[in-house]
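Heads up, the thing below is written out as structure tokens.
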Amino acid sequence: MSVFEAQPEYPILLVEDNPDDIMITKRAFAKGRILNKLYVVQDGEEAIEFLRKRGKYKDVPTPTLVLLDLKMPKMNGFEVLEQIKGDKDLKSIPIVVLTSSERDKDIEEAYKLGCNSYIVKPVNFENFIKTVVDIKEYWLSISRVPVK
Amino acid sequence: MELLQVLMDNFPDTVYFKDAKSRFVFINKAQCNVLGVKSKEEAYEKTDFDFFAPEHAKAAYKDEQRIIKTKKPLVSKIEQIRRADGQYRWVTATKEPIIDEKGDVIGIIGISRDISELKTVQEALEESEERLQQIIEFAPDGIFTIEKEEGTVTTCNPALTRITGYTKDELCGIEFVKLPFLTDSEDIKYLSQIEFSITGNVLKPFELPCKKKDGISIWLEMHVSSLKRHGSQMALLVISRDITERKLAEEALKGAYVAIEQRVNELAKLKAKIEETNKLLQQSNSDLENYTYVVSHDLKAPLRAIKAFSTFLVEDYGEKLDPNAQDYLQRIVNAVSNMDELIEDLLLLSRVGRKFMEVEEVDLNQLVNEILIDIEPTIIKRRGKVSYADLPRLRIQQVWLKQLFLNLIDNGLKFNKSETSTVEISCEEKDGVYQFQVKGNGIGIDKKYHDRLFNIFERLHTREEYEGTGIGLTTCKKIVQQFGGRIWVESEVGKGSTFVFTIPKNINLQKKEV
């Protein structure tokens with residue numbers, strides 16, 4: 001878990017196992033001037049612990065947006081989706097799947113499990129920044145989400 | 001004496017007495033009719049010569065003189081006479097010598113019976129029998145009879161000897177179940193059982209395996225019927241037809257059927273094998289497509305990292321790097337772009353096989369127009385001119401048709417050094433298919449490369465000359481194949497290229513998603 005730029009009222013949780021992608025995402029946040037606080041966990045189990053505020057996460061805030069990778073060790077993105085969307089306390093948190101997979105099956109499955117958006121990571125970094133900014137704009141500025 | 005006279009006159013046979021010189025001395029009424037006299041007395045003292053033809057009269061005289069001389073009677077001699085009324089009649093004549101007390105012959109007594117009617121019936125009978133005999137002799141089927149009492153063969157016709165190869169002597173007189181041409185079989189037992197048990201006239205024909213005298217096997221079809229006289233069975237009539245040829249033909253036919261059945265079975269097995277192989281092939285193809293897809297994705301993650309960190313390097317340390325280092329970095333970025341393009345093309349190719357559905361009504365004129373709007377920058381850059389006319393409407397997967405035209409138009413513009421790059425798209429209807437032509441005035445392709453052109457990663461030029469991944473035409477081919485059509489190229493170096501492909505009018509759209 002780490003903390004990036006502060007905007008504590010709208011914290012974002014990144015669930016991503018690849019350190020490169022973590023770094024790239026963080027940089028994209030910085031370049032895109034996204035000031036929200038970014039929490040990072042590196043597998044599905046950690047993500048669930050974080051959201052349920054268990055163990056070392058008992059003092060973390062509830063994120064207003066979750067960026068979720070699909071391919072992860074221990075518990076993959078689908079299982080995380082299933083757990084969150086099946087939990088009445090957590091299911092209102094918007095989840096954006098951010099992944100390399102363009103597989104139709106993956107897309108279909110993710111939406112079936114209740115993801116709010118499905119976005120394929122662009123190869124080009126400039127596009128990546130744009131994507132991250134768009135996500136933030138949409139989910140935290142344009143769209144209204146319940147805040148606890 | 002008077003009684004005797006009455007009796008004789010009412011006798012239907014002729015009765016006459018003659019003296020030793022064959023002169024009539026007494027005749028009865030029947031003889032009067034034969035001789036044609038009104039009263040008996042008219043005949044007296046006269047001889048046969050007075051009434052009959054000389055030949056007959058002579059023969060009768062001779063007979064009578066012999067009787068007188070030898071005292072031996074003539075019994076039931078059948079002779080033909082011509083009556084006084086001109087009629088020829090058959091008679092049976094009996095003549096006895098009349099001997100006196102001294103033992104001398106003084107005359108003869110004759111009695112003649114008219115047997116003409118009997119004779120006619122007999123002749124008819126003989127003729128009929130003769131005819132029957134000829135029919136039997138001439139019959140193509142073997143015929144023989146079996147006597148009831150001994151169960152032996154009594155008669156047989158030439159056909160039977162011809163069919164079996166045995167002579168009449170070798171067949172007649174033999175007990176029927178021991179006939180030499182019969183073979184030891186179940187049917188013989190059957191035959192011996194029915195022997196004389198048949199009560200009806202005709203038994204159902206049955207087939208019997210037999211052996212000729214020379215050892216050759218034959219088949220006989222036996223027709224058995226009862227020969228009866230006054231309602232009681234006398235003998236069996238057996239007509240045996242040689243059906244060997246028919247049997248052979250039947251067996252040959254049976255053999256042919258078996259052979260055909262075997263072939264059909266083999267074919268079915270072969271078909272099953274092909275289907276299995278096809279299934280495996282399809283599986284392996286789809287595995288390969290999935291594999292390509294997965295690998296392409298996994299390749300993208302590190303690629304993204306390389307690209308991102310190269311960008312970070314340029315952004316954060318660009319000013320501190322010397323021109324050489326900057327050049328290297330630029331090359332890394334370019335290489336990553338190429339690889340990204342390659343992976344995108346591979347993904348597209350694998351999607352053609354994986355995702356092929358969603359049929360919609362497509363106006364090709366509109367579709368091509370959309371493509372031209374999409375690639376307008378490219379057209380302007382290459383000073384290109386793309387024309388099309390009279391394209392049909394199809395019910396087809398729009399996405400893939402668009403990709404197909406896009407690739408071919410793009411190739412036409414790309415591999416082109418003309419002042420104005422032109423691409424002409426046309427379509428003509430041929431039996432059952434639409435045949436499309438995408439004709440460019442580009443650099444052309446040597447004939448020896450035409451076959452290889454559609455292979456994956458097949459590039460005829462270096463990246464410096466023409467950019468591209470070598471996947472575009474492979475994708476085109478795959479799309480056309482999914483539509484059930486064919487694609488080929490007509491081209492020569494320096495004379496432009498025409499890519500031709502067909503799409504069946506009755507397009508078989510498989511819904512498919514792996």
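Letters A, B, ... go to the chains of the structure tokens in the order shown; residues in each chain start at 1; ligands are counted from 1 in the same order.
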
For chain A versus chain B, which residues have an atom no more than 10 Å away, and what is each residue's nearest atom pair and distance in Å rounded to one decimal, using only C-alpha atoms, chain-then-number order, as a tab-separated table?
residue	atom	partner	partner_atom	distance
A:Asn18	CA	B:Ala301	CA	9.2
A:Pro19	CA	B:Ala305	CA	9.9
A:Asp20	CA	B:Ala305	CA	6.2
A:Asp21	CA	B:Ala305	CA	7.1
A:Met23	CA	B:Ala305	CA	9.4
A:Ile24	CA	B:Ala308	CA	6.8
A:Arg27	CA	B:Phe312	CA	8.9
A:Ala28	CA	B:Ala308	CA	9.9
A:Thr99	CA	B:Ala301	CA	9.3
A:Ser100	CA	B:His297	CA	6.5
A:Ser101	CA	B:His297	CA	6.3
A:Glu102	CA	B:His297	CA	8.0
A:Arg103	CA	B:Tyr293	CA	8.3
A:Asp104	CA	B:Lys355	CA	9.0
A:Lys105	CA	B:Val514	CA	9.0
A:Lys121	CA	B:Arg304	CA	8.5
A:Pro122	CA	B:Arg304	CA	7.6
A:Val123	CA	B:Arg304	CA	4.6
A:Asn124	CA	B:Lys307	CA	6.6
A:Phe125	CA	B:Ala308	CA	5.3
A:Glu126	CA	B:Ala308	CA	8.7
A:Phe128	CA	B:Ala308	CA	9.1

Inset, instruction - Just the residues within 8 Å of stretch 96-110 of chain B, please, counting only C-alpha atoms, with nothing from its chain fewer than 6 positions along; format it as JSON, numbers by chain. - result: {"B": [14, 15, 16, 17, 18, 19, 20, 21, 22, 64, 67, 68, 69, 71, 72, 73, 74]}

Can you spit out the residues from that selection as an mmCIF file, in the first residue's frame, using C-alpha atoms?
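Final file, out25.cif:
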data_model
loop_
_atom_site.group_PDB
_atom_site.id
_atom_site.type_symbol
_atom_site.label_atom_id
_atom_site.label_comp_id
_atom_site.auth_asym_id
_atom_site.auth_seq_id
_atom_site.Cartn_x
_atom_site.Cartn_y
_atom_site.Cartn_z
ATOM 1 C CA THR B 14 -71.826 -109.870 -91.017
ATOM 2 C CA VAL B 15 -72.168 -113.634 -91.276
ATOM 3 C CA TYR B 16 -71.691 -115.594 -94.472
ATOM 4 C CA PHE B 17 -71.234 -119.174 -95.661
ATOM 5 C CA LYS B 18 -69.193 -119.974 -98.725
ATOM 6 C CA ASP B 19 -68.632 -123.235 -100.609
ATOM 7 C CA ALA B 20 -65.202 -124.659 -101.345
ATOM 8 C CA LYS B 21 -64.989 -122.399 -104.363
ATOM 9 C CA SER B 22 -65.622 -119.254 -102.235
ATOM 10 C CA GLU B 64 -60.093 -118.904 -97.926
ATOM 11 C CA ILE B 67 -58.161 -122.375 -94.866
ATOM 12 C CA ILE B 68 -59.821 -125.047 -97.020
ATOM 13 C CA LYS B 69 -56.484 -126.614 -97.760
ATOM 14 C CA LYS B 71 -58.222 -126.657 -92.260
ATOM 15 C CA LYS B 72 -56.785 -123.913 -90.072
ATOM 16 C CA PRO B 73 -58.997 -120.919 -89.270
ATOM 17 C CA LEU B 74 -58.158 -117.288 -89.856
#

Inset, instruction - Compile the contact shell of A:Lys136 as number ranges by chain: residues with an atom at most 12 Å away, counting only C-alpha atoms, same-chain residues fewer than 4 positions apart removed. - result: A: 10-12, 28-29, 32-38, 64-67, 94-96, 117, 129-132, 140-144

Those residues with C-alpha atoms, as a compact mmCIF listing (two decimals), in the first residue's frame please?
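Saved file selection-v3.txt follows:
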# COMPACT_ATOMS: atom_id res chain seq x y z
CA TYR A 10 -12.13 10.68 -3.33
CA PRO A 11 -9.56 7.92 -2.81
CA ILE A 12 -8.93 5.43 -5.65
CA ALA A 28 -0.14 8.56 -15.66
CA PHE A 29 -1.98 9.89 -12.60
CA GLY A 32 -2.77 13.67 -15.92
CA ARG A 33 -2.83 15.78 -12.77
CA ILE A 34 -5.12 13.45 -10.95
CA LEU A 35 -4.78 14.44 -7.34
CA ASN A 36 -6.92 11.77 -5.77
CA LYS A 37 -5.24 9.57 -3.22
CA LEU A 38 -4.20 6.32 -4.90
CA THR A 64 -14.77 5.87 -4.42
CA LEU A 65 -13.37 3.98 -7.43
CA VAL A 66 -11.57 0.68 -7.93
CA LEU A 67 -9.26 0.06 -10.91
CA PRO A 94 -17.79 1.60 -9.12
CA ILE A 95 -15.28 -0.86 -10.49
CA VAL A 96 -13.40 -0.20 -13.70
CA SER A 117 -16.56 -0.23 -17.11
CA ILE A 129 -2.62 9.02 -19.62
CA LYS A 130 -5.65 10.04 -21.62
CA THR A 131 -7.47 6.88 -20.63
CA VAL A 132 -6.76 7.32 -16.94
CA LEU A 140 -15.41 11.03 -10.19
CA SER A 141 -16.51 14.23 -11.92
CA ILE A 142 -19.29 13.58 -14.42
CA SER A 143 -20.96 10.59 -12.89
CA ARG A 144 -22.36 10.77 -9.40

Legend entry - stretch 49-121 of chain A: residues DSSP assigns to strand (DSSP E or B), reported as a ChimeraX atom specification: /A:65-68,95-99,117-120

Written selection (N, CA and C atoms) as an mmCIF file, in the first residue's frame:
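The result, stored in again_36.cif:
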data_model
loop_
_atom_site.group_PDB
_atom_site.id
_atom_site.type_symbol
_atom_site.label_atom_id
_atom_site.label_comp_id
_atom_site.auth_asym_id
_atom_site.auth_seq_id
_atom_site.Cartn_x
_atom_site.Cartn_y
_atom_site.Cartn_z
ATOM 1 N N LEU A 65 -13.540 4.640 -6.121
ATOM 2 C CA LEU A 65 -13.371 3.978 -7.426
ATOM 3 C C LEU A 65 -12.311 2.887 -7.301
ATOM 4 N N VAL A 66 -12.562 1.749 -7.934
ATOM 5 C CA VAL A 66 -11.565 0.677 -7.933
ATOM 6 C C VAL A 66 -11.126 0.424 -9.376
ATOM 7 N N LEU A 67 -9.804 0.470 -9.608
ATOM 8 C CA LEU A 67 -9.256 0.063 -10.914
ATOM 9 C C LEU A 67 -8.758 -1.367 -10.730
ATOM 10 N N LEU A 68 -9.340 -2.278 -11.504
ATOM 11 C CA LEU A 68 -9.091 -3.704 -11.240
ATOM 12 C C LEU A 68 -8.470 -4.407 -12.440
ATOM 13 N N ILE A 95 -16.505 -0.119 -10.181
ATOM 14 C CA ILE A 95 -15.275 -0.861 -10.487
ATOM 15 C C ILE A 95 -14.991 -0.778 -11.975
ATOM 16 N N VAL A 96 -13.811 -0.282 -12.308
ATOM 17 C CA VAL A 96 -13.399 -0.204 -13.704
ATOM 18 C C VAL A 96 -12.323 -1.262 -13.931
ATOM 19 N N VAL A 97 -12.644 -2.210 -14.818
ATOM 20 C CA VAL A 97 -11.650 -3.219 -15.146
ATOM 21 C C VAL A 97 -10.660 -2.596 -16.122
ATOM 22 N N LEU A 98 -9.390 -2.658 -15.757
ATOM 23 C CA LEU A 98 -8.330 -2.089 -16.588
ATOM 24 C C LEU A 98 -7.345 -3.222 -16.862
ATOM 25 N N THR A 99 -7.359 -3.709 -18.073
ATOM 26 C CA THR A 99 -6.629 -4.950 -18.343
ATOM 27 C C THR A 99 -6.037 -4.956 -19.738
ATOM 28 N N SER A 117 -17.214 -0.596 -15.856
ATOM 29 C CA SER A 117 -16.557 -0.227 -17.108
ATOM 30 C C SER A 117 -15.480 -1.259 -17.409
ATOM 31 N N TYR A 118 -15.201 -1.419 -18.688
ATOM 32 C CA TYR A 118 -14.138 -2.359 -19.063
ATOM 33 C C TYR A 118 -13.220 -1.633 -20.031
ATOM 34 N N ILE A 119 -11.995 -1.441 -19.629
ATOM 35 C CA ILE A 119 -11.083 -0.650 -20.460
ATOM 36 C C ILE A 119 -9.799 -1.436 -20.723
ATOM 37 N N VAL A 120 -9.396 -1.454 -22.008
ATOM 38 C CA VAL A 120 -8.172 -2.151 -22.381
ATOM 39 C C VAL A 120 -7.010 -1.169 -22.279
#

Legend entry - Which of stretch 194-270 of chain B DSSP labels alpha helix (DSSP H), written as a list in words: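 Across stretch 194-270 of chain B, those assigned alpha helix (DSSP H) are Ile194, Thr244, Glu245, Arg246, Lys247, Leu248, Ala249, Glu250, Glu251, Ala252, Leu253, Lys254, Gly255, Ala256, Tyr257, Val258, Ala259, Ile260, Glu261, Gln262, Arg263, Val264, Asn265, Glu266, Leu267, Ala268, Lys269 and Leu270 of chain B.
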
Next, the residues of the selection above should be written as a CSV table (one decimal), in the first residue's frame with N, CA and C atoms.
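Written output follows (out37.csv):
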chain,number,residue,atom,x,y,z
B,194,ILE,N,-41.2,-86.6,-49.7
B,194,ILE,CA,-42.4,-86.2,-50.5
B,194,ILE,C,-42.8,-87.3,-51.5
B,244,THR,N,-28.7,-73.5,-63.6
B,244,THR,CA,-27.4,-73.2,-63.1
B,244,THR,C,-27.0,-71.8,-63.4
B,245,GLU,N,-27.3,-71.3,-64.7
B,245,GLU,CA,-26.9,-70.0,-65.0
B,245,GLU,C,-27.5,-68.9,-64.2
B,246,ARG,N,-28.8,-69.2,-63.9
B,246,ARG,CA,-29.6,-68.2,-63.1
B,246,ARG,C,-28.9,-68.2,-61.7
B,247,LYS,N,-28.6,-69.4,-61.2
B,247,LYS,CA,-28.0,-69.5,-59.9
B,247,LYS,C,-26.7,-68.8,-59.8
B,248,LEU,N,-25.9,-69.0,-60.8
B,248,LEU,CA,-24.6,-68.4,-60.9
B,248,LEU,C,-24.7,-66.9,-60.9
B,249,ALA,N,-25.7,-66.4,-61.7
B,249,ALA,CA,-26.0,-65.0,-61.8
B,249,ALA,C,-26.4,-64.5,-60.5
B,250,GLU,N,-27.3,-65.2,-59.8
B,250,GLU,CA,-27.8,-64.8,-58.5
B,250,GLU,C,-26.6,-64.7,-57.5
B,251,GLU,N,-25.8,-65.8,-57.6
B,251,GLU,CA,-24.6,-65.8,-56.6
B,251,GLU,C,-23.7,-64.6,-56.9
B,252,ALA,N,-23.5,-64.4,-58.3
B,252,ALA,CA,-22.6,-63.2,-58.6
B,252,ALA,C,-23.2,-61.9,-58.1
B,253,LEU,N,-24.5,-61.8,-58.3
B,253,LEU,CA,-25.2,-60.6,-57.8
B,253,LEU,C,-25.1,-60.5,-56.3
B,254,LYS,N,-25.3,-61.6,-55.6
B,254,LYS,CA,-25.1,-61.7,-54.2
B,254,LYS,C,-23.7,-61.2,-53.8
B,255,GLY,N,-22.7,-61.8,-54.5
B,255,GLY,CA,-21.4,-61.4,-54.3
B,255,GLY,C,-21.2,-59.9,-54.5
B,256,ALA,N,-21.8,-59.4,-55.6
B,256,ALA,CA,-21.7,-58.0,-55.9
B,256,ALA,C,-22.3,-57.2,-54.8
B,257,TYR,N,-23.4,-57.7,-54.3
B,257,TYR,CA,-24.1,-56.9,-53.2
B,257,TYR,C,-23.2,-56.9,-52.0
B,258,VAL,N,-22.6,-58.1,-51.7
B,258,VAL,CA,-21.7,-58.1,-50.5
B,258,VAL,C,-20.5,-57.2,-50.7
B,259,ALA,N,-20.0,-57.2,-52.0
B,259,ALA,CA,-18.9,-56.3,-52.3
B,259,ALA,C,-19.3,-54.9,-52.1
B,260,ILE,N,-20.5,-54.6,-52.6
B,260,ILE,CA,-20.9,-53.2,-52.5
B,260,ILE,C,-21.1,-52.8,-51.1
B,261,GLU,N,-21.7,-53.7,-50.3
B,261,GLU,CA,-21.9,-53.5,-48.9
B,261,GLU,C,-20.6,-53.2,-48.2
B,262,GLN,N,-19.6,-54.0,-48.6
B,262,GLN,CA,-18.3,-53.8,-48.0
B,262,GLN,C,-17.8,-52.5,-48.3
B,263,ARG,N,-17.9,-52.1,-49.6
B,263,ARG,CA,-17.4,-50.8,-50.0
B,263,ARG,C,-18.1,-49.7,-49.3
B,264,VAL,N,-19.4,-49.9,-49.1
B,264,VAL,CA,-20.2,-48.8,-48.4
B,264,VAL,C,-19.7,-48.7,-47.0
B,265,ASN,N,-19.5,-49.9,-46.4
B,265,ASN,CA,-18.9,-49.9,-45.0
B,265,ASN,C,-17.6,-49.2,-44.9
B,266,GLU,N,-16.7,-49.6,-45.9
B,266,GLU,CA,-15.4,-49.0,-45.9
B,266,GLU,C,-15.5,-47.5,-46.1
B,267,LEU,N,-16.4,-47.1,-47.0
B,267,LEU,CA,-16.6,-45.6,-47.2
B,267,LEU,C,-17.1,-44.9,-46.0
B,268,ALA,N,-18.0,-45.6,-45.3
B,268,ALA,CA,-18.6,-45.0,-44.0
B,268,ALA,C,-17.4,-44.9,-43.0
B,269,LYS,N,-16.6,-45.9,-43.0
B,269,LYS,CA,-15.5,-45.9,-42.0
B,269,LYS,C,-14.5,-44.7,-42.4
B,270,LEU,N,-14.3,-44.6,-43.7
B,270,LEU,CA,-13.4,-43.6,-44.2
B,270,LEU,C,-13.9,-42.2,-43.9
